[in-house]
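So this one's my_file.cif, mmCIF, C-alpha atoms:
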```cif
data_entry
#
loop_
_atom_site.label_atom_id
_atom_site.label_comp_id
_atom_site.auth_asym_id
_atom_site.auth_seq_id
_atom_site.Cartn_x
_atom_site.Cartn_y
_atom_site.Cartn_z
CA LEU A 570 32.24 -20.57 -100.28
CA HIS A 571 31.32 -21.57 -96.73
CA VAL A 572 30.75 -18.72 -94.26
CA LEU A 573 32.05 -19.44 -90.78
CA ASP A 574 29.92 -18.69 -87.76
CA PRO A 575 31.18 -15.69 -85.80
CA LEU A 576 33.29 -16.41 -82.76
CA PRO A 577 31.42 -16.46 -79.46
CA PRO A 578 31.80 -13.33 -77.34
CA SER A 579 34.74 -13.24 -74.96
CA SER A 580 33.95 -14.64 -71.57
CA PRO A 581 34.25 -12.30 -68.62
CA PRO A 582 37.69 -12.50 -66.97
CA ARG A 583 37.94 -14.61 -63.87
CA SER A 584 38.24 -12.45 -60.81
CA ARG A 585 39.35 -14.90 -58.10
CA VAL A 586 42.58 -13.67 -56.53
CA LEU A 587 44.13 -15.34 -53.53
CA SER A 588 44.90 -13.21 -50.50
CA PRO A 589 48.34 -13.43 -48.87
CA GLU A 590 46.75 -15.34 -45.98
CA GLU A 591 45.18 -17.87 -48.37
CA ILE A 592 48.52 -18.34 -50.14
CA ASP A 593 50.21 -18.99 -46.78
CA ARG A 594 47.52 -21.53 -45.85
CA LEU A 595 47.99 -23.34 -49.18
CA PHE A 596 51.74 -23.58 -48.69
CA LYS A 597 51.28 -24.84 -45.12
CA ALA A 598 48.80 -27.49 -46.30
CA ALA A 599 51.24 -28.56 -49.05
CA ASP A 600 54.19 -28.79 -46.64
CA HIS A 601 54.38 -32.57 -46.50
CA PRO A 602 56.62 -34.98 -48.46
CA GLN A 603 53.59 -36.59 -50.12
CA ARG A 604 52.52 -33.17 -51.40
CA ASP A 605 55.88 -32.04 -52.81
CA ARG A 606 54.45 -32.03 -56.33
CA VAL A 607 51.67 -29.62 -55.34
CA ARG A 608 54.08 -27.49 -53.28
CA LEU A 609 56.45 -27.13 -56.26
CA PHE A 610 53.50 -26.39 -58.57
CA LEU A 611 52.40 -23.60 -56.21
CA TRP A 612 55.90 -22.11 -56.20
CA LEU A 613 56.18 -22.17 -59.99
CA ALA A 614 52.64 -20.94 -60.61
CA LEU A 615 52.82 -18.04 -58.17
CA HIS A 616 56.38 -17.01 -59.05
CA THR A 617 56.18 -17.28 -62.84
CA GLY A 618 52.48 -16.93 -63.69
CA ALA A 619 52.75 -19.90 -66.05
CA ARG A 620 49.77 -21.99 -67.14
CA ARG A 621 49.09 -25.41 -65.62
CA THR A 622 50.13 -27.33 -68.73
CA ALA A 623 53.38 -25.39 -69.11
CA ILE A 624 54.32 -26.20 -65.51
CA GLN A 625 53.29 -29.85 -65.77
CA GLU A 626 55.32 -30.28 -68.97
CA LEU A 627 58.34 -28.31 -67.72
CA ARG A 628 61.54 -30.37 -67.96
CA TRP A 629 64.76 -29.79 -66.07
CA ASP A 630 66.61 -29.00 -69.30
CA GLN A 631 64.34 -25.95 -69.65
CA VAL A 632 65.49 -24.55 -66.30
CA ASP A 633 68.70 -22.58 -66.82
CA PHE A 634 70.37 -22.08 -63.45
CA ASP A 635 73.34 -20.32 -65.13
CA ILE A 636 71.28 -17.32 -66.19
CA ASP A 637 68.32 -17.91 -63.83
CA VAL A 638 65.62 -18.32 -66.48
CA ILE A 639 62.88 -20.87 -67.05
CA HIS A 640 62.15 -21.44 -70.73
CA TYR A 641 58.58 -22.73 -70.75
CA LEU A 642 58.73 -23.22 -74.53
CA PRO A 643 61.03 -26.21 -75.15
CA ASP A 644 63.75 -25.92 -77.77
CA GLY A 645 62.36 -26.74 -81.20
CA ALA A 646 58.72 -26.41 -80.12
CA VAL A 647 56.36 -24.08 -81.97
CA GLN A 648 54.44 -21.40 -80.08
CA SER A 649 50.72 -22.06 -79.91
CA ARG A 650 47.91 -19.66 -79.14
CA LYS A 651 48.64 -20.35 -75.45
CA ARG A 652 52.06 -18.75 -75.59
CA LYS A 653 54.87 -20.02 -73.37
CA ALA A 654 57.33 -17.39 -72.16
CA SER A 655 60.85 -17.41 -70.81
CA VAL A 656 60.59 -16.15 -67.24
CA PRO A 657 63.38 -15.09 -64.88
CA ILE A 658 63.78 -17.21 -61.76
CA SER A 659 63.12 -14.99 -58.75
CA GLU A 660 65.52 -14.89 -55.81
CA THR A 661 62.84 -16.58 -53.72
CA LEU A 662 62.10 -19.34 -56.24
CA LYS A 663 65.75 -20.20 -57.00
CA PRO A 664 66.54 -22.08 -53.74
CA VAL A 665 63.25 -23.97 -54.02
CA LEU A 666 64.17 -25.13 -57.55
CA GLU A 667 67.72 -25.97 -56.49
CA GLU A 668 66.40 -28.12 -53.65
CA ALA A 669 63.92 -29.81 -56.00
CA TRP A 670 66.80 -30.49 -58.42
CA THR A 671 68.84 -32.22 -55.71
CA ARG A 672 65.84 -34.29 -54.56
CA ARG A 673 64.52 -35.14 -58.04
CA ILE A 674 63.72 -38.71 -58.94
CA SER A 675 66.26 -39.86 -61.50
CA ASN A 676 63.70 -41.52 -63.78
CA THR A 677 61.82 -38.31 -64.59
CA SER A 678 62.93 -35.25 -66.46
CA LEU A 679 59.79 -33.34 -65.39
CA VAL A 680 60.34 -30.64 -62.78
CA ILE A 681 57.18 -31.39 -60.79
CA GLY A 682 57.33 -35.09 -61.63
CA SER A 683 54.71 -37.18 -63.30
CA GLY A 684 51.36 -38.10 -61.91
CA GLY A 685 48.76 -36.65 -64.23
CA LYS A 686 46.97 -33.35 -63.99
CA ILE A 687 47.65 -31.31 -60.88
CA ASN A 688 43.99 -30.25 -60.53
CA GLU A 689 42.87 -32.98 -58.12
CA PRO A 690 45.94 -32.91 -55.83
CA LEU A 691 45.68 -29.09 -55.77
CA ARG A 692 41.97 -29.33 -54.89
CA LEU A 693 42.79 -31.65 -51.99
CA VAL A 694 45.47 -29.29 -50.65
CA ALA A 695 43.08 -26.34 -50.98
CA GLU A 696 40.41 -28.30 -49.13
CA LYS A 697 42.89 -29.13 -46.34
CA ALA A 698 43.86 -25.43 -46.21
CA GLY A 699 40.21 -24.33 -46.12
CA VAL A 700 40.63 -22.16 -49.21
CA LYS A 701 37.73 -22.23 -51.67
CA GLY A 702 37.79 -21.63 -55.42
CA VAL A 703 41.38 -22.71 -56.04
CA THR A 704 42.26 -23.84 -59.55
CA PRO A 705 45.55 -23.79 -61.45
CA HIS A 706 44.31 -20.76 -63.38
CA VAL A 707 43.62 -18.89 -60.12
CA MET A 708 47.37 -19.19 -59.42
CA ARG A 709 48.17 -17.50 -62.75
CA HIS A 710 45.56 -14.81 -62.16
CA THR A 711 46.89 -14.22 -58.64
CA ALA A 712 50.50 -13.90 -59.88
CA ALA A 713 49.47 -11.38 -62.54
CA THR A 714 47.35 -9.41 -60.08
CA ILE A 715 50.19 -9.26 -57.55
CA MET A 716 52.45 -7.85 -60.27
CA ALA A 717 49.81 -5.29 -61.32
CA ARG A 718 49.10 -4.19 -57.75
CA SER A 719 52.84 -3.80 -57.18
CA GLY A 720 53.14 -1.32 -60.02
CA VAL A 721 54.72 -3.62 -62.62
CA SER A 722 53.99 -2.22 -66.07
CA ILE A 723 51.32 -3.89 -68.17
CA TRP A 724 53.98 -4.47 -70.87
CA VAL A 725 56.22 -6.42 -68.46
CA ILE A 726 53.28 -8.44 -67.11
CA ALA A 727 52.38 -9.36 -70.69
CA GLN A 728 55.97 -10.51 -71.33
CA VAL A 729 56.03 -12.67 -68.19
CA LEU A 730 52.64 -14.23 -68.94
CA GLY A 731 53.26 -14.62 -72.67
CA ASN A 732 50.12 -12.58 -73.36
CA THR A 733 49.44 -9.52 -75.46
CA VAL A 734 49.47 -6.10 -73.82
CA GLU A 735 45.82 -5.68 -74.84
CA GLN A 736 44.85 -8.92 -73.14
CA VAL A 737 46.66 -8.01 -69.94
CA GLU A 738 45.24 -4.50 -69.95
CA LYS A 739 41.71 -5.84 -70.40
CA VAL A 740 42.00 -8.22 -67.45
CA TYR A 741 44.46 -6.60 -65.02
CA ALA A 742 44.28 -2.81 -65.53
CA LYS A 743 41.49 -2.66 -62.95
CA TRP A 744 43.98 -3.89 -60.34
CA THR A 745 46.21 -0.84 -60.82
CA PRO A 746 43.96 2.03 -59.73
CA GLY A 747 46.90 4.27 -58.76
CA ARG A 748 48.72 3.95 -62.08
CA HIS A 749 47.35 7.25 -63.39
CA THR A 750 47.93 9.23 -60.21
CA SER A 751 51.18 10.84 -61.41
CA ALA A 752 49.48 11.92 -64.63
CA VAL A 753 46.58 13.65 -62.91
CA ASN A 754 48.91 15.17 -60.33
CA MET A 755 50.80 16.78 -63.22
CA ILE A 756 47.54 18.33 -64.44
CA GLY A 757 46.91 19.68 -60.96
CA ARG A 758 50.38 21.26 -60.77
CA ARG A 759 50.00 22.91 -64.18
CA SER A 760 46.59 24.39 -63.48
CA ALA A 761 47.31 25.69 -59.97
#
```
Encoded form using structure tokens:
Amino acid sequence: LHVLDPLPPSSPPRSRVLSPEEIDRLFKAADHPQRDRVRLFLWLALHTGARRTAIQELRWDQVDFDIDVIHYLPDGAVQSRKRKASVPISETLKPVLEEAWTRRISNTSLVIGSGGKINEPLRLVAEKAGVKGVTPHVMRHTAATIMARSGVSIWVIAQVLGNTVEQVEKVYAKWTPGRHTSAVNMIGRRSA
């Protein structure tokens, strides 16, 4: 019987979160026909919290405009450890996707088109925008943090991200400092 080595300790969560001003600068820098792929990636990443690979592999047949949902897990595919969720299309994202649908290139079924990994084009847009430390994962982390800071429950954030509640709580609970305020206010009312 062979004994497996223990798993390495979990790495500390990444803490880079884009500010609203940095997000605006990224969108302005991506507002050019030659950067449509990056612009659409930014929209999808910040409005769905999906991982880079899920967005890059997203096909138009996974975007359901009838019920306003993006199914990041294709029909017939098996969930992996990096879970892919079905995410509602926000009111803000819907017109962007509809426009992209009308302007799509007929020879690709991919929503953001082909062209390899988005990392390098995203880096170039971030450089043009003067925003440091931008990676595809920073987009996901920013989306989750925005939800947490806005009071979205950890359970709902986990559903949107395709993560476990424990994983989301470990990484994003620190961004919701006011979430226990009502509980401690109840204590104060009872003891007064």
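Interatomic distance, atom CA of Gln736 of chain A to atom CA of Arg650 of chain A: 12.7 Å.
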Using the chain letters and residue numbers of this document, give as a PDB file with C-alpha atoms, in the coordinates of the input the residues selected by the PyMOL selection byres ((chain A and resi 706) around 9).
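The resulting file, part.pdb, is reproduced below:
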```pdb
ATOM      1  CA  ARG A 583      37.940 -14.610 -63.870  1.00  0.00           C
ATOM      2  CA  ALA A 614      52.640 -20.940 -60.610  1.00  0.00           C
ATOM      3  CA  ALA A 619      52.750 -19.900 -66.050  1.00  0.00           C
ATOM      4  CA  ARG A 620      49.770 -21.990 -67.140  1.00  0.00           C
ATOM      5  CA  ARG A 621      49.090 -25.410 -65.620  1.00  0.00           C
ATOM      6  CA  VAL A 703      41.380 -22.710 -56.040  1.00  0.00           C
ATOM      7  CA  THR A 704      42.260 -23.840 -59.550  1.00  0.00           C
ATOM      8  CA  PRO A 705      45.550 -23.790 -61.450  1.00  0.00           C
ATOM      9  CA  VAL A 707      43.620 -18.890 -60.120  1.00  0.00           C
ATOM     10  CA  MET A 708      47.370 -19.190 -59.420  1.00  0.00           C
ATOM     11  CA  ARG A 709      48.170 -17.500 -62.750  1.00  0.00           C
ATOM     12  CA  HIS A 710      45.560 -14.810 -62.160  1.00  0.00           C
ATOM     13  CA  THR A 711      46.890 -14.220 -58.640  1.00  0.00           C
TER      14      THR A 711
END
```
Could you jot down the atom CA of Trp670 of chain A to atom CA of Leu691 of chain A separation for me, Å, one decimal place?
->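 Result for atom CA of Trp670 of chain A versus atom CA of Leu691 of chain A: 21.3 Å, one decimal.
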List every protein, DNA or RNA residue that has an atom no more than 10 Å from (56.4, -10.8, -65.3) in the file's coordinate frame, counting all atoms listed in the file, and report them as an MDAnalysis selection string. chainID A and resid 616:619 654:657 712:713 716:717 721:731
Counting only C-alpha atoms, which residues of segment 670-700 of chain A sit at most 7 Å from some atom of segment 599-610 of chain A, and what is each one's closest atom pair with its distance in Å to one decimal, listed by chain and rising residue number, as CSV?
```
residue,atom,partner,partner_atom,distance
A:Ile681,CA,A:Arg606,CA,5.3
A:Gly682,CA,A:Arg606,CA,6.8
A:Pro690,CA,A:Val607,CA,6.6
A:Leu691,CA,A:Val607,CA,6.0
A:Val694,CA,A:Ala599,CA,6.0
```
Selected residues written out with C-alpha atoms, as an mmCIF file, keeping the file's coordinate frame:
```cif
data_model
loop_
_atom_site.group_PDB
_atom_site.id
_atom_site.type_symbol
_atom_site.label_atom_id
_atom_site.label_comp_id
_atom_site.auth_asym_id
_atom_site.auth_seq_id
_atom_site.Cartn_x
_atom_site.Cartn_y
_atom_site.Cartn_z
ATOM 1 C CA ILE A 681 57.180 -31.390 -60.790
ATOM 2 C CA GLY A 682 57.330 -35.090 -61.630
ATOM 3 C CA PRO A 690 45.940 -32.910 -55.830
ATOM 4 C CA LEU A 691 45.680 -29.090 -55.770
ATOM 5 C CA VAL A 694 45.470 -29.290 -50.650
#
```
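Comparing A:Pro643, A:Pro575, A:Gly699, A:Gly684 by their smallest distance to Asp593 of chain A, the closest is A:Gly699 (using only C-alpha atoms).
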I want to know what sits within 9 Å of Thr622 of chain A, based on only C-alpha atoms, with residues of the same chain fewer than 4 positions away left out; could you give that as a ChimeraX atom specification? /A:626-627,686
From A:Val586, A:Trp612, A:Glu735, A:Leu693, residue lying nearest Thr714 of chain A [all atoms listed in the file]: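 Of A:Val586, A:Trp612, A:Glu735, A:Leu693, the one nearest Thr714 of chain A, counting all atoms listed in the file, is A:Val586.
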